[in-house]
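Trainee: Please find entry_4.txt (compact mmCIF, C-alpha atoms) on the next line:
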# COMPACT_ATOMS: atom_id res chain seq x y z
CA MET L 219 9.89 -6.07 7.28
CA GLY L 220 9.00 -3.78 4.34
CA GLY L 221 5.39 -3.12 3.40
CA GLU L 222 3.72 0.22 3.26
CA ALA L 223 1.57 1.61 6.03
CA LYS L 224 -1.27 4.06 5.47
CA GLY L 225 -2.04 6.55 8.26
CA GLY L 226 -3.93 5.96 11.52
CA ALA L 227 -3.07 2.86 13.55
CA ALA L 228 -0.41 1.79 11.03
CA SER L 229 1.29 5.17 11.47
CA ASP L 230 1.18 4.83 15.25
CA SER L 231 2.57 1.28 15.00
CA ALA L 232 5.45 2.48 12.80
CA LYS L 233 6.18 5.31 15.24
CA GLU L 234 6.37 2.87 18.16
CA ALA L 235 8.60 0.50 16.20
CA VAL L 236 10.94 3.39 15.32
CA ARG L 237 10.96 4.58 18.94
CA ALA L 238 11.81 1.08 20.24
CA PHE L 239 14.57 0.66 17.65
CA ALA L 240 16.08 4.07 18.45
CA LEU L 241 16.03 3.42 22.20
CA GLY L 242 17.79 0.08 21.59
CA LEU L 243 20.86 1.79 20.13
CA PRO L 244 23.90 2.09 22.45
CA GLY L 245 23.61 4.94 24.93
CA ALA L 246 20.23 6.11 23.59
CA TRP L 247 17.68 7.70 25.91
CA GLU L 248 14.48 9.68 25.56
CA ASP L 249 14.01 13.30 26.51
CA HIS L 250 10.92 15.50 26.22
CA PRO L 251 11.93 19.07 25.29
CA TRP L 252 9.00 21.23 24.24
CA GLY L 253 6.68 18.35 25.25
CA GLU L 254 7.87 16.22 22.33
CA SER L 255 9.84 12.98 22.20
CA ALA L 256 13.51 13.40 21.30
CA ILE L 257 15.86 10.42 21.27
CA LYS L 258 19.41 11.33 22.26
CA ALA L 259 22.86 9.78 22.46
CA GLY L 260 25.74 11.53 24.15
CA GLY L 261 23.47 14.48 24.94
CA LYS L 262 22.65 15.15 21.26
CA VAL L 263 19.31 14.51 19.54
CA PHE L 264 19.41 12.02 16.69
CA ALA L 265 15.64 11.53 16.24
CA PHE L 266 12.67 13.80 16.83
CA LEU L 267 9.45 11.78 17.15
CA GLY L 268 6.91 14.49 17.97
CA ALA L 269 4.47 14.43 20.86
CA PRO L 270 4.38 11.17 22.85
CA GLY L 271 1.48 8.88 22.03
CA PRO L 272 -0.57 8.40 18.88
CA GLY L 273 -1.26 10.97 16.26
CA PHE L 274 2.08 12.31 15.03
CA GLY L 275 2.94 11.11 11.55
CA ARG L 276 6.51 12.36 10.98
CA MET L 277 9.99 12.04 12.46
CA GLY L 278 13.04 14.26 12.11
CA VAL L 279 16.45 12.68 11.47
CA LYS L 280 19.86 13.88 10.29
CA LEU L 281 20.70 12.21 6.97
CA PRO L 282 24.03 13.45 5.62
CA GLU L 283 24.34 10.57 3.14
CA SER L 284 20.83 9.59 2.03
CA GLY L 285 18.93 12.81 2.69
CA GLY L 286 19.23 14.17 -0.85
CA ALA L 287 17.78 11.03 -2.42
CA LEU L 288 15.08 10.70 0.22
CA LEU L 289 13.93 14.28 -0.37
CA SER L 290 12.89 13.27 -3.88
CA THR L 291 10.19 10.99 -2.41
CA PRO L 292 6.64 12.07 -1.50
CA PHE L 293 7.10 11.14 2.17
CA ALA L 294 10.11 13.36 2.99
CA ARG L 295 10.80 17.09 3.20
CA PRO L 296 13.52 19.31 4.69
CA MET L 297 13.02 19.81 8.41
CA GLY L 298 11.79 23.21 9.56
CA TYR L 299 13.43 25.80 11.80
CA GLY L 300 16.45 25.92 9.46
CA LEU L 301 17.49 22.37 10.36
CA GLY L 302 16.96 21.22 6.77
CA LYS L 303 20.02 23.25 5.75
CA SER L 304 22.10 21.06 8.09
CA GLY L 305 20.92 17.75 6.63
CA TRP L 306 17.86 17.19 8.83
CA VAL L 307 14.90 15.59 7.06
CA GLU L 308 11.28 15.03 8.13
CA VAL L 309 10.09 11.57 7.12
CA ALA L 310 6.48 10.39 7.32
CA PHE L 311 5.49 7.37 9.38
CA GLY L 312 2.34 7.25 7.25
CA GLU L 313 0.26 10.31 6.54
CA SER L 314 -3.49 9.92 6.49
CA GLY L 315 -4.27 8.47 3.08
CA GLY L 316 -0.77 9.28 1.83
CA GLU L 317 2.17 7.24 0.72
CA ALA L 318 4.50 5.97 3.46
CA PRO L 319 7.94 4.42 3.39
CA PRO L 320 8.52 0.80 4.45
CA LEU L 321 9.42 0.34 8.11
CA ASP L 322 12.91 -0.94 7.25
CA LEU L 323 13.65 2.37 5.49
CA LEU L 324 12.50 4.32 8.56
CA LEU L 325 14.85 2.25 10.74
CA GLU L 326 17.73 2.80 8.30
CA CYS L 327 17.11 6.55 8.58
CA VAL L 328 17.25 6.38 12.37
CA GLU L 329 20.51 4.43 12.27
CA GLU L 330 22.10 6.85 9.78
CA SER L 331 21.09 9.77 11.98
CA TYR L 332 22.48 8.00 15.06
CA ARG L 333 25.79 7.40 13.27
CA ALA L 334 25.92 11.08 12.23
CA VAL L 335 25.20 12.47 15.70
CA ALA L 336 26.26 9.97 18.40
CA PRO L 337 29.77 10.02 19.90
CA LYS L 338 32.24 7.82 18.02
CA ALA L 339 32.63 5.49 21.03
CA LEU L 340 28.91 4.67 20.92
CA VAL L 341 29.02 4.10 17.15
CA ARG L 342 31.96 1.71 17.65
CA GLN L 343 29.88 -0.11 20.26
CA LEU L 344 27.05 -0.44 17.71
CA ASP L 345 29.48 -1.76 15.09
CA ALA L 346 30.80 -4.29 17.61
CA GLY L 347 27.28 -5.63 18.07
CA GLY L 348 26.55 -3.98 21.42
CA GLY L 349 23.11 -2.55 22.03
Turn the structure described in the file into structure tokens.
Mentor:
Amino acid sequence: MGGEAKGGAASDSAKEAVRAFALGLPGAWEDHPWGESAIKAGGKVFAFLGAPGPGFGRMGVKLPESGGALLSTPFARPMGYGLGKSGWVEVAFGESGGEAPPLDLLLECVEESYRAVAPKALVRQLDAGGG
């Protein structure tokens, strides 16, 4: 996968790829609190994807292991509303004209967040190859 996307359609494409990957994880489903897309497992959010449709360039994920390193990059920042203090990080899909992470890194972030938030039974299902 890899490659870097730059804003616009590339950002929207990355967002859709992340959404599809997240929804393919065991027990994952989409909710729309506050009119935004939140991907949940076991009733807990593991990925915030912003408003449905094109135009939102960042996602929120819980990264207890890689968050510190990722925050040193230009495409990540602590998540707002105090969530950053709990390991939540906003990661760009591709800001307009800005630097963006490769798609495989975005997917790794989603999986780490899933593993941090989802019930252990669902994580075991993922490890066993179930989707």
Trainee: Between atom CA of L:Ala294 and atom CA of L:Val309, what is the distance in Å, rounded to a tenth?
Mentor: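 Going from atom CA of L:Ala294 over to atom CA of L:Val309, I get 4.5 Å.
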Trainee: Can you tell me, as a list in words, what residues are no more than 9 Å from L:Ala259 when counting all atoms listed in the file, ignoring any on the same chain fewer than 5 positions away?
Mentor: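 Returned residues: Leu243, Pro244, Gly245, Ala246, Trp247, Glu248, Phe264, Tyr332, Val335, Ala336, Pro337 and Leu340 of chain L.
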Trainee: If you measure from atom CA of L:Gly305 to atom CA of L:Glu330, what distance in Å do you get, rounded to one decimal?
Mentor: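 Computed distance, atom CA of L:Gly305 to atom CA of L:Glu330, equals 11.4 Å.
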Trainee: Can you work out the spacing between atom CA of L:Arg342 and atom CA of L:Phe311 in Å, to one decimal?
Mentor: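 If I compute the distance from atom CA of L:Arg342 to atom CA of L:Phe311, I get 28.3 Å.
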Trainee: Considering only C-alpha atoms, state which residue in the set L:Leu281, L:Ala287, L:Leu325, L:Val307 is at the smallest distance from L:Ala232.
Mentor: L:Leu325
Trainee: Let me make sure I understand: among L:Ser231, L:Arg333, L:Met277, L:Arg237, which one has the smallest atom-to-atom distance to L:Asp345 if we use all atoms listed in the file?
Mentor: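 Answer, going by the shortest atom-to-atom distance: L:Arg333.
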Trainee: Would you please work out which residue, of L:Ala334, L:Leu301, L:Leu288, L:Ala235, is nearest to L:Lys258 when using only C-alpha atoms?
Mentor: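 Of L:Ala334, L:Leu301, L:Leu288, L:Ala235, the one nearest L:Lys258, counting only C-alpha atoms, is L:Ala334.
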Trainee: Which residues are near L:Phe266? Cut-off 6 Å, all atoms listed in the file, ignore same chain within fewer than 2 positions. Put them as a list in words.
Mentor: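 So the residues in contact are Ala256, Gly268, Met277 and Gly278 of chain L.
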Trainee: From (7.3, 19.5, 23.7), in the file's coordinates, out to 12 Å: which residues are reached, counting only C-alpha atoms? Answer as a ChimeraX atom specification.
Mentor: /L:249-256,266-270
